[in-house]
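Coordinates from query25.txt are shown below (compact mmCIF, C-alpha atoms).
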```txt
# COMPACT_ATOMS: atom_id res chain seq x y z
CA MET A 1 -28.72 -22.52 83.58
CA TRP A 2 -29.10 -23.17 79.87
CA PHE A 3 -31.42 -20.20 79.54
CA ARG A 4 -28.68 -18.00 81.03
CA VAL A 5 -26.18 -19.24 78.42
CA ALA A 6 -28.70 -18.51 75.67
CA HIS A 7 -29.27 -15.05 77.09
CA ILE A 8 -25.49 -14.35 77.03
CA PHE A 9 -25.22 -15.35 73.38
CA GLN A 10 -28.26 -13.25 72.53
CA THR A 11 -26.56 -10.27 74.15
CA PHE A 12 -23.35 -10.97 72.14
CA ALA A 13 -25.35 -11.17 68.93
CA GLY A 14 -27.17 -7.92 69.72
CA HIS A 15 -23.80 -6.19 70.28
CA TYR A 16 -22.70 -7.14 66.75
CA ASN A 17 -26.12 -6.43 65.18
CA LEU A 18 -26.96 -10.10 64.73
CA GLN A 19 -30.30 -11.83 64.89
CA LEU A 20 -30.01 -15.01 66.92
CA THR A 21 -32.85 -17.57 66.91
CA THR A 22 -32.85 -20.57 69.12
CA CYS A 23 -34.55 -23.85 68.52
CA VAL A 24 -34.94 -25.66 71.78
CA LYS A 25 -35.67 -29.32 72.26
CA ASN A 26 -36.05 -30.66 75.73
CA LYS A 27 -35.07 -27.16 76.90
CA VAL A 28 -31.36 -27.73 76.01
CA PRO A 29 -30.16 -25.22 73.39
CA LEU A 30 -27.05 -26.07 71.33
CA ILE A 31 -25.24 -23.11 69.83
CA ARG A 32 -22.75 -23.59 67.00
CA CYS A 33 -19.98 -21.31 65.77
CA GLN A 34 -18.86 -22.02 62.19
CA LEU A 35 -16.25 -20.49 59.90
CA MET A 36 -17.26 -20.52 56.26
CA PRO A 37 -14.44 -21.96 54.08
CA HIS A 38 -14.70 -19.54 51.15
CA HIS A 39 -15.73 -16.38 53.00
CA ARG A 40 -14.05 -14.38 55.80
CA THR A 41 -17.24 -14.59 57.85
CA LEU A 42 -18.10 -16.00 61.21
CA VAL A 43 -21.42 -17.82 61.33
CA LEU A 44 -23.28 -18.18 64.62
CA THR A 45 -26.19 -20.59 64.53
CA SER A 46 -28.28 -22.25 67.15
CA CYS A 47 -29.98 -25.57 66.66
CA THR A 48 -31.09 -28.57 68.53
CA LYS A 49 -29.50 -31.99 68.70
CA ASN A 50 -30.36 -34.31 65.80
CA GLU A 51 -32.12 -31.51 63.95
CA GLU A 52 -31.17 -29.91 60.68
CA LYS A 53 -30.48 -26.20 60.36
CA LYS A 54 -33.51 -24.31 59.22
CA VAL A 55 -32.43 -20.79 60.09
CA SER A 56 -30.38 -18.80 57.60
CA PRO A 57 -27.02 -17.95 59.15
CA ASP A 58 -26.18 -14.36 59.92
CA LYS A 59 -22.72 -13.32 58.72
CA LEU A 60 -20.13 -11.25 60.53
CA ASP A 61 -17.11 -9.56 58.97
CA LEU A 62 -13.92 -10.97 60.52
CA ASP A 63 -11.91 -7.76 60.11
CA ILE A 64 -14.40 -5.77 62.22
CA TRP A 65 -14.47 -8.59 64.77
CA LYS A 66 -10.66 -8.58 65.04
CA THR A 67 -10.45 -4.83 65.61
CA ILE A 68 -13.08 -4.95 68.35
CA MET A 69 -11.34 -7.86 70.07
CA LYS A 70 -7.99 -5.99 69.95
CA GLU A 71 -9.57 -2.94 71.54
CA THR A 72 -11.07 -5.02 74.34
CA ALA A 73 -7.72 -6.79 74.87
CA SER A 74 -5.89 -3.45 75.14
CA GLU A 75 -8.40 -2.21 77.69
CA ALA A 76 -8.11 -5.39 79.78
CA PRO A 77 -5.38 -5.52 82.44
CA LYS A 78 -2.15 -7.09 81.18
CA THR A 79 -1.25 -10.41 82.70
CA CYS A 80 2.33 -11.20 83.71
CA PRO A 81 4.14 -13.35 81.15
CA SER A 82 4.99 -16.84 82.19
CA GLU A 83 8.56 -17.35 83.35
CA ASP A 84 11.07 -19.36 81.36
CA PRO A 85 11.23 -22.92 82.77
CA VAL A 86 15.04 -22.94 82.50
CA ASP A 87 15.33 -19.72 84.52
CA ALA A 88 12.84 -21.04 87.04
CA PHE A 89 14.85 -24.25 87.43
CA SER A 90 18.13 -22.36 87.91
CA ALA A 91 16.46 -20.07 90.44
CA ALA A 92 15.18 -23.09 92.34
CA THR A 93 18.70 -24.58 92.33
CA ARG A 94 20.13 -21.33 93.69
CA GLU A 95 17.54 -21.31 96.46
CA MET A 96 18.47 -24.90 97.31
CA VAL A 97 22.18 -23.97 97.51
CA GLN A 98 21.34 -20.97 99.70
CA MET A 99 19.22 -23.17 101.97
CA TRP A 100 22.08 -25.68 102.36
CA ARG A 101 24.46 -22.81 103.14
CA LEU A 102 22.16 -21.56 105.91
CA ALA A 103 21.92 -25.13 107.22
CA GLY A 104 25.69 -25.15 107.74
CA LYS A 105 26.67 -27.54 104.93
CA ALA A 106 29.85 -27.21 102.86
CA VAL A 107 28.69 -24.96 100.02
CA PRO A 108 30.69 -22.30 98.09
CA GLU A 109 29.87 -18.67 98.72
CA ASN A 110 30.02 -17.73 95.05
CA ILE A 111 28.83 -20.08 92.32
CA THR A 112 28.96 -19.39 88.58
CA GLU A 113 26.33 -20.19 85.98
CA GLU A 114 28.47 -22.99 84.56
CA GLN A 115 28.85 -24.61 87.97
CA LEU A 116 25.13 -24.17 88.57
CA SER A 117 24.34 -25.96 85.31
CA ILE A 118 26.63 -28.83 86.37
CA VAL A 119 24.74 -29.07 89.68
CA GLN A 120 21.45 -29.25 87.79
CA GLU A 121 22.74 -32.08 85.57
CA LEU A 122 23.82 -34.26 88.50
CA PRO A 123 21.41 -37.17 88.97
CA SER A 124 21.17 -37.51 92.76
CA LYS A 125 21.13 -35.36 95.86
CA SER A 126 24.30 -36.94 97.25
CA ALA A 127 26.16 -36.21 94.01
CA LYS A 128 25.12 -32.55 94.25
CA LYS A 129 26.33 -32.36 97.85
CA LYS A 130 29.69 -33.90 96.95
CA TYR A 131 30.20 -31.52 94.03
CA LEU A 132 29.27 -28.48 96.11
CA LYS A 133 31.66 -29.65 98.85
CA TYR A 134 34.42 -29.96 96.25
CA LEU A 135 33.70 -26.40 95.06
CA ALA A 136 33.75 -25.14 98.67
CA ILE A 137 37.15 -26.76 99.34
CA LYS A 138 38.51 -25.35 96.09
CA GLU A 139 37.23 -21.88 96.99
CA GLY A 140 38.83 -22.12 100.45
CA LYS A 141 42.22 -23.02 98.94
CA LYS A 142 42.01 -20.06 96.58
CA LYS A 143 41.25 -17.73 99.47
CA ALA A 144 44.18 -19.10 101.49
CA THR A 145 46.63 -18.58 98.62
CA LYS A 146 45.34 -15.04 98.10
CA GLU A 147 45.82 -14.22 101.77
CA LYS A 148 49.38 -15.63 101.76
CA ARG A 149 50.19 -13.65 98.65
CA LYS A 150 48.76 -10.51 100.20
CA ILE A 151 50.80 -10.98 103.42
CA LYS A 152 53.96 -11.57 101.39
CA GLN A 153 53.29 -8.48 99.28
CA GLU A 154 52.68 -6.35 102.37
CA GLY A 155 55.96 -7.57 103.90
CA ALA A 156 57.88 -6.71 100.72
CA GLU A 157 56.31 -3.23 100.64
CA TYR A 158 57.23 -2.70 104.29
CA LEU A 159 60.86 -3.65 103.66
CA GLN A 160 60.98 -1.37 100.66
CA LYS A 161 59.64 1.58 102.68
CA GLU A 162 62.11 0.96 105.50
CA LYS A 163 64.93 0.77 103.02
CA GLU A 164 63.90 4.09 101.45
CA ASN A 165 63.58 5.77 104.86
CA GLY A 166 66.94 4.42 106.00
CA GLY A 167 65.57 2.57 108.97
CA GLY A 168 68.46 0.10 108.99
CA VAL A 169 66.45 -3.05 108.33
CA GLU A 170 68.65 -6.08 107.74
CA LEU A 171 68.22 -7.39 104.23
CA LYS A 172 68.91 -10.93 103.04
CA ASN A 173 72.48 -11.58 101.94
CA THR A 174 72.23 -12.86 98.36
CA PHE A 175 75.79 -13.49 97.25
CA LEU A 176 74.59 -15.40 94.20
CA LEU A 177 73.26 -13.69 91.12
CA GLN A 178 69.47 -13.67 91.08
CA PHE A 179 67.77 -15.03 88.00
CA TRP A 180 64.37 -13.66 87.11
CA GLN A 181 61.49 -15.92 86.23
CA ARG A 182 61.35 -14.62 82.68
CA SER A 183 64.95 -15.77 82.16
CA PHE A 184 63.99 -19.27 83.28
CA ASP A 185 60.96 -19.19 80.97
CA VAL A 186 63.19 -18.32 78.00
CA MET A 187 65.50 -21.24 78.83
CA TYR A 188 62.61 -23.69 79.28
CA ASN A 189 60.97 -22.58 76.05
CA TRP A 190 64.26 -23.02 74.20
CA ARG A 191 64.57 -26.60 75.45
CA ALA A 192 60.96 -27.32 74.50
CA ALA A 193 61.56 -25.91 71.01
CA GLN A 194 64.64 -28.11 70.64
CA SER A 195 62.64 -31.14 71.73
CA MET A 196 60.01 -30.44 69.06
CA LEU A 197 62.76 -30.66 66.44
CA PHE A 198 65.06 -33.36 67.80
CA GLY A 199 63.45 -34.82 70.94
CA GLN A 200 61.91 -38.23 71.51
CA PRO A 201 58.11 -38.19 71.06
CA LEU A 202 55.78 -39.05 73.95
CA VAL A 203 52.11 -39.54 73.06
CA PHE A 204 49.08 -38.89 75.27
CA ASP A 205 46.03 -40.75 74.02
CA MET A 206 43.02 -38.40 74.36
CA SER A 207 40.37 -40.88 73.18
CA TYR A 208 38.84 -41.63 76.60
CA GLU A 209 36.29 -38.80 76.89
CA SER A 210 33.32 -41.17 76.89
CA ASN A 211 34.81 -43.35 79.66
CA MET A 212 34.99 -40.61 82.29
CA ALA A 213 32.66 -38.42 84.28
CA ARG A 214 33.07 -34.67 84.26
CA ARG A 215 35.00 -34.56 87.53
CA GLU A 216 37.38 -37.29 86.34
CA MET A 217 37.94 -35.37 83.11
CA GLU A 218 38.82 -32.22 85.07
CA ASN A 219 41.32 -34.21 87.16
CA THR A 220 42.84 -35.56 83.94
CA VAL A 221 43.31 -32.05 82.56
CA SER A 222 44.93 -30.95 85.83
CA GLN A 223 47.41 -33.82 85.57
CA LEU A 224 48.12 -32.95 81.93
CA LEU A 225 49.00 -29.41 82.99
CA GLU A 226 51.47 -30.81 85.53
CA CYS A 227 52.93 -33.14 82.88
CA GLU A 228 53.55 -30.24 80.53
CA GLY A 229 55.24 -28.27 83.32
CA PHE A 230 57.49 -31.17 84.42
CA ASN A 231 58.47 -31.90 80.83
CA ARG A 232 59.29 -28.26 80.07
CA LYS A 233 61.56 -27.96 83.13
CA SER A 234 63.51 -31.16 82.52
CA LEU A 235 67.01 -31.24 81.04
CA ASP A 236 66.03 -33.45 78.10
CA PRO A 237 62.28 -32.96 77.54
CA PHE A 238 60.02 -35.10 75.38
CA HIS A 239 58.18 -33.86 72.33
CA LEU A 240 54.62 -34.11 73.65
CA TYR A 241 51.82 -35.21 71.33
CA PHE A 242 48.12 -34.90 72.25
CA CYS A 243 46.56 -37.32 69.75
CA ASN A 244 42.87 -38.04 69.12
CA MET A 245 41.97 -34.57 70.43
CA MET A 246 38.45 -33.80 69.27
CA PRO A 247 37.85 -30.09 68.51
CA GLU A 248 35.24 -28.52 70.77
CA GLY A 249 35.29 -31.67 72.89
CA SER A 250 35.37 -31.79 76.66
CA TYR A 251 39.17 -32.11 76.74
CA HIS A 252 39.64 -29.19 74.35
CA LYS A 253 37.21 -26.91 76.17
CA GLU A 254 38.74 -27.60 79.58
CA LEU A 255 42.30 -27.06 78.30
CA LEU A 256 41.29 -23.76 76.70
CA LYS A 257 39.65 -22.74 79.96
CA ARG A 258 42.78 -23.57 82.02
CA TYR A 259 45.46 -22.21 79.70
CA GLY A 260 43.59 -19.23 78.28
CA ASP A 261 45.68 -17.19 75.83
CA ALA A 262 48.77 -19.32 76.54
CA TRP A 263 47.21 -22.32 74.76
CA ASP A 264 48.32 -21.06 71.34
CA ARG A 265 51.89 -20.51 72.58
CA LEU A 266 52.44 -24.02 73.98
CA LEU A 267 55.32 -25.93 72.40
CA ILE A 268 53.42 -29.19 72.00
CA THR A 269 51.68 -30.91 69.10
CA VAL A 270 47.88 -31.21 69.28
CA THR A 271 46.15 -33.16 66.52
CA GLU A 272 42.89 -34.93 65.72
CA LYS A 273 44.80 -37.79 64.06
CA SER A 274 45.59 -41.08 65.71
CA TYR A 275 49.15 -41.97 66.64
CA VAL A 276 48.89 -44.93 64.26
CA ASP A 277 48.53 -42.50 61.35
CA ILE A 278 51.55 -40.42 62.42
CA PHE A 279 54.17 -42.95 63.57
CA PRO A 280 55.13 -46.44 62.34
CA LYS A 281 53.50 -49.25 64.30
CA ASP A 282 56.75 -51.09 65.01
CA LYS A 283 58.01 -48.07 66.98
CA LEU A 284 54.93 -47.65 69.18
CA VAL A 285 54.72 -49.10 72.71
CA TYR A 286 51.53 -48.62 74.75
CA LEU A 287 52.26 -48.33 78.49
CA THR A 288 49.49 -49.99 80.50
CA ALA A 289 49.39 -51.62 83.93
CA ASP A 290 47.53 -54.65 82.51
CA SER A 291 50.25 -55.61 80.05
CA PRO A 292 51.91 -59.04 80.49
CA SER A 293 55.34 -57.81 79.28
CA VAL A 294 57.68 -55.74 81.48
CA LEU A 295 59.58 -52.63 80.40
CA LYS A 296 63.05 -53.79 81.51
CA SER A 297 65.02 -50.95 79.95
CA PHE A 298 64.13 -47.58 78.47
CA GLN A 299 64.63 -47.51 74.70
CA HIS A 300 65.32 -44.13 73.15
CA ASP A 301 64.22 -45.16 69.67
CA LYS A 302 60.71 -46.20 70.78
CA ILE A 303 57.62 -43.98 71.02
CA TYR A 304 55.72 -44.57 74.26
CA ILE A 305 51.97 -43.97 74.58
CA ILE A 306 50.15 -43.07 77.82
CA GLY A 307 46.37 -43.20 78.11
CA SER A 308 44.95 -39.87 79.32
CA ILE A 309 42.40 -41.23 81.74
CA VAL A 310 41.64 -40.88 85.45
CA ASP A 311 39.52 -43.87 86.36
CA LYS A 312 38.06 -43.79 89.87
CA SER A 313 36.17 -47.03 89.30
CA ILE A 314 39.33 -48.76 87.94
CA GLN A 315 38.06 -50.27 84.69
CA THR A 316 40.71 -52.94 84.16
CA GLY A 317 41.90 -53.73 80.66
CA LEU A 318 40.58 -50.58 78.99
CA SER A 319 43.88 -49.30 77.57
CA LEU A 320 45.13 -52.85 76.92
CA ALA A 321 42.05 -53.58 74.82
CA ASN A 322 42.61 -50.35 72.90
CA ALA A 323 46.23 -51.34 72.17
CA LYS A 324 45.26 -54.88 71.13
CA ARG A 325 42.60 -53.55 68.81
CA LEU A 326 45.29 -51.48 67.05
CA LYS A 327 47.79 -54.40 67.21
CA LEU A 328 50.40 -52.44 69.15
CA ALA A 329 53.14 -53.64 71.50
CA THR A 330 52.40 -53.12 75.19
CA ALA A 331 54.53 -52.88 78.33
CA ARG A 332 54.22 -52.13 82.02
CA LEU A 333 56.63 -50.55 84.47
CA PRO A 334 58.80 -52.97 86.53
CA LEU A 335 57.02 -52.29 89.80
CA ASP A 336 57.00 -55.90 91.07
CA GLU A 337 60.68 -56.31 90.21
CA TYR A 338 61.86 -53.34 92.28
CA LEU A 339 59.15 -52.66 94.88
CA LYS A 340 57.48 -54.61 97.67
CA TRP A 341 54.04 -53.85 96.35
CA ASP A 342 51.16 -53.67 98.79
CA VAL A 343 47.62 -54.74 98.01
CA GLY A 344 46.02 -52.52 95.39
CA ALA A 345 45.97 -51.60 91.70
CA LYS A 346 49.21 -50.61 90.00
CA ASN A 347 47.68 -47.58 88.27
CA LEU A 348 49.73 -44.38 88.46
CA THR A 349 48.75 -40.80 87.67
CA LEU A 350 49.89 -39.06 84.50
CA ASN A 351 52.33 -36.74 86.27
CA GLN A 352 53.90 -39.72 88.09
CA MET A 353 54.30 -41.56 84.80
CA ILE A 354 56.05 -38.70 83.03
CA SER A 355 58.32 -38.08 86.04
CA ILE A 356 59.36 -41.76 86.03
CA LEU A 357 59.99 -41.74 82.27
CA LEU A 358 62.00 -38.50 82.38
CA THR A 359 64.19 -39.81 85.21
CA VAL A 360 64.87 -43.21 83.65
CA LYS A 361 65.56 -41.49 80.34
CA GLU A 362 68.21 -39.24 81.91
CA THR A 363 69.78 -41.68 84.40
CA GLY A 364 68.85 -45.17 83.22
CA ASN A 365 68.31 -46.17 86.88
CA TRP A 366 64.92 -47.68 87.74
CA GLN A 367 65.49 -47.30 91.49
CA GLU A 368 65.95 -43.56 91.05
CA ALA A 369 62.95 -43.31 88.72
CA LEU A 370 60.53 -45.34 90.84
CA LYS A 371 60.97 -42.96 93.78
CA PHE A 372 58.09 -41.01 92.25
CA VAL A 373 55.72 -43.88 93.07
CA PRO A 374 53.73 -42.90 96.19
CA LYS A 375 55.04 -44.59 99.34
CA ARG A 376 51.52 -45.40 100.50
CA LYS A 377 51.28 -47.97 97.69
CA HIS A 378 54.36 -50.05 98.54
CA GLU A 379 56.43 -51.13 101.54
CA GLY A 380 59.80 -50.12 100.13
CA PHE A 381 62.41 -51.20 97.59
CA LEU A 382 63.70 -54.72 97.25
CA PRO A 383 67.37 -55.14 98.18
CA VAL A 384 69.81 -55.33 95.29
CA PRO A 385 71.00 -58.95 95.94
CA GLU A 386 67.39 -60.09 96.11
CA GLN A 387 66.69 -58.39 92.82
CA LYS A 388 69.65 -60.16 91.20
CA TYR A 389 68.61 -63.50 92.74
CA CYS A 390 65.06 -63.07 91.46
CA ASN A 391 66.31 -62.29 87.96
CA GLN A 392 68.73 -65.24 88.00
CA PHE A 393 66.01 -67.56 89.27
CA LYS A 394 63.67 -66.43 86.49
CA ASN A 395 66.40 -66.92 83.86
CA HIS A 396 67.15 -70.39 85.28
CA GLN A 397 63.48 -71.31 85.07
CA ASN A 398 63.34 -70.17 81.46
CA LYS A 399 66.43 -72.22 80.60
CA THR A 400 65.11 -75.37 82.24
CA ARG A 401 61.87 -74.99 80.35
CA ILE A 402 63.80 -74.79 77.09
CA ASP A 403 66.26 -77.65 77.92
CA ASN A 404 63.63 -80.40 78.12
CA GLY A 405 63.62 -83.51 75.93
CA PRO A 406 65.88 -83.94 72.89
CA VAL A 407 67.10 -80.34 73.05
CA LYS A 408 68.84 -81.09 76.36
CA LYS A 409 70.59 -84.16 74.91
CA ALA A 410 71.75 -82.23 71.85
CA ARG A 411 73.21 -79.51 74.06
CA ARG A 412 75.04 -82.11 76.18
CA GLN A 413 76.49 -83.80 73.10
CA LYS A 414 77.59 -80.45 71.74
CA SER A 415 79.29 -79.55 75.03
CA THR A 416 81.18 -82.92 75.17
CA LEU A 417 82.32 -82.54 71.57
CA SER A 418 83.65 -79.05 72.27
CA LEU A 419 85.55 -80.35 75.31
CA ASN A 420 87.13 -83.21 73.35
CA GLN A 421 88.07 -80.90 70.53
CA GLY A 422 89.66 -78.55 73.01
CA VAL A 423 91.77 -81.36 74.49
CA GLU A 424 92.92 -82.54 71.08
CA LYS A 425 93.85 -79.06 70.03
CA SER A 426 95.88 -78.49 73.19
CA SER A 427 97.74 -81.78 72.69
CA ASP A 428 98.43 -81.07 69.04
CA LYS A 429 100.05 -77.75 69.82
CA LYS A 430 103.78 -77.74 69.27
CA ARG A 431 106.07 -76.86 72.13
CA TRP A 432 108.52 -74.10 71.41
CA TRP A 433 111.33 -75.93 73.16
CA LEU A 434 110.81 -79.01 70.96
CA ASP A 435 111.22 -76.97 67.75
CA GLU A 436 114.78 -76.11 68.67
CA ASP A 437 115.74 -79.83 68.93
```
Using structure tokens, write down the structure that the file contains.
Amino acid sequence: MWFRVAHIFQTFAGHYNLQLTTCVKNKVPLIRCQLMPHHRTLVLTSCTKNEEKKVSPDKLDLDIWKTIMKETASEAPKTCPSEDPVDAFSAATREMVQMWRLAGKAVPENITEEQLSIVQELPSKSAKKKYLKYLAIKEGKKKATKEKRKIKQEGAEYLQKEKENGGGVELKNTFLLQFWQRSFDVMYNWRAAQSMLFGQPLVFDMSYESNMARREMENTVSQLLECEGFNRKSLDPFHLYFCNMMPEGSYHKELLKRYGDAWDRLLITVTEKSYVDIFPKDKLVYLTADSPSVLKSFQHDKIYIIGSIVDKSIQTGLSLANAKRLKLATARLPLDEYLKWDVGAKNLTLNQMISILLTVKETGNWQEALKFVPKRKHEGFLPVPEQKYCNQFKNHQNKTRIDNGPVKKARRQKSTLSLNQGVEKSSDKKRWWLDED
């Protein structure tokens, strides 16, 4: 075998006009290829193991060698370039989605590159199945709305054709003046502009990006869209502030994706600053379900803060810890005081919170405002006498706690003195019929 290797190298040397000598020991030739450091030459030598070189090296010009190798490479058949590993991974993911679709699992028919990248980032197989099922349900809802819109449009076109042909189709009797949607939009925008100048601020804390998964963040953005719509349509809207909004963050990207070109025309304030740097601390109240104090009445001179977070795992104390770190006042809604609360956490969604605050701001009635709490979470409202009795009982307990010890005796002495003084004053009063005598 070694003689065949030596024969191949001899042939290579003969092709480049080289003289190759071999020195064999134990019939095992060792062939060396060296590059001289100061010369552009390739040196091919053959020697034995543990033996010094005794043969003068033959030199080869590297430029000629490069040209010959290029010619041989051009004549050789071209091999296919290796595929990009990212493209190969995305193609494998697409094949997996197609395989699940053929197996009858809930998978969307059309999937974008962004959604495909999200599927690739998911850690487990069950998480991928859940996300694909969510996309399939979302796609089905979009198709249903498109079909309803198409049927409605076809019906309107049919009525219009019958009206033009004089077919005698009965039209709806609209005795009231019809307002177009653009007229409502002008009115809503005017109210929102007035609220930016004179309205009460309402802050959404956008500093919880790291505490949520991607799906939770998307649900949060959906609820923020509903909050902006409810606020814009109310009679006395808030001036909405999105504080701690990081540019090019997950919140910002998702909001830009949802709103599109309308993002720059929204009548809200979006800032990177914290609410502590914008408003005075004594005016700020952080609304959290973990707060020990109760929001008994809505105060129009306060600035309420809502944490923009959808927490499926229910991390208790997260917003309360944030408020305590900033040394802010906290409060919770009076759910236990007005509702027969069932077992479960008292966390409400963002759109429910803003609906409750808008209603109690306009009416001042907690019973009317707490109707926006889902009925699945409570067993109904407490009766009004029971509410009064509970409040009186709590006040009585607070008074008895205060009236212990020497304070109670001082209050009794003060009450007896006031009674005696009242008797003396009534006796000292002159009668009008005695003055005439």
The residue from A:Pro108, A:His300, A:Leu320, A:Glu114 with the smallest atom-to-atom distance to Lys143 of chain A, counting only C-alpha atoms, is A:Pro108
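Among the candidates A:Ala329, A:Leu256, A:Cys243, A:Ile68, the residue lying nearest to Tyr208 of chain A is A:Cys243 (atoms considered: all atoms listed in the file).
Taking atom CA of Gln120 of chain A and atom CA of Leu225 of chain A as endpoints, the distance between them is 28.0 Å.
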Give me the residues near Asn347 of chain A as a count of residues only, where near means some atom within 10 Å (using only C-alpha atoms) and where sequence neighbours in that chain fewer than 3 positions away do not count.
10
What gap, in Å, lies between atom CA of Lys148 of chain A and atom CA of Gln98 of chain A?
28.6 Å
Might you pull out every residue within 9 Å of Trp341 of chain A, with all atoms listed in the file counted and same-chain residues fewer than 4 positions away left off, and present them as a VMD selection string?
chain A and resid 335 to 336 346 377 to 381
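Proximity to Trp366 of chain A was assessed for A:Ala321, A:Ile303, A:Ala345, A:Leu295 counting all atoms listed in the file; the smallest distance is recorded for A:Leu295.
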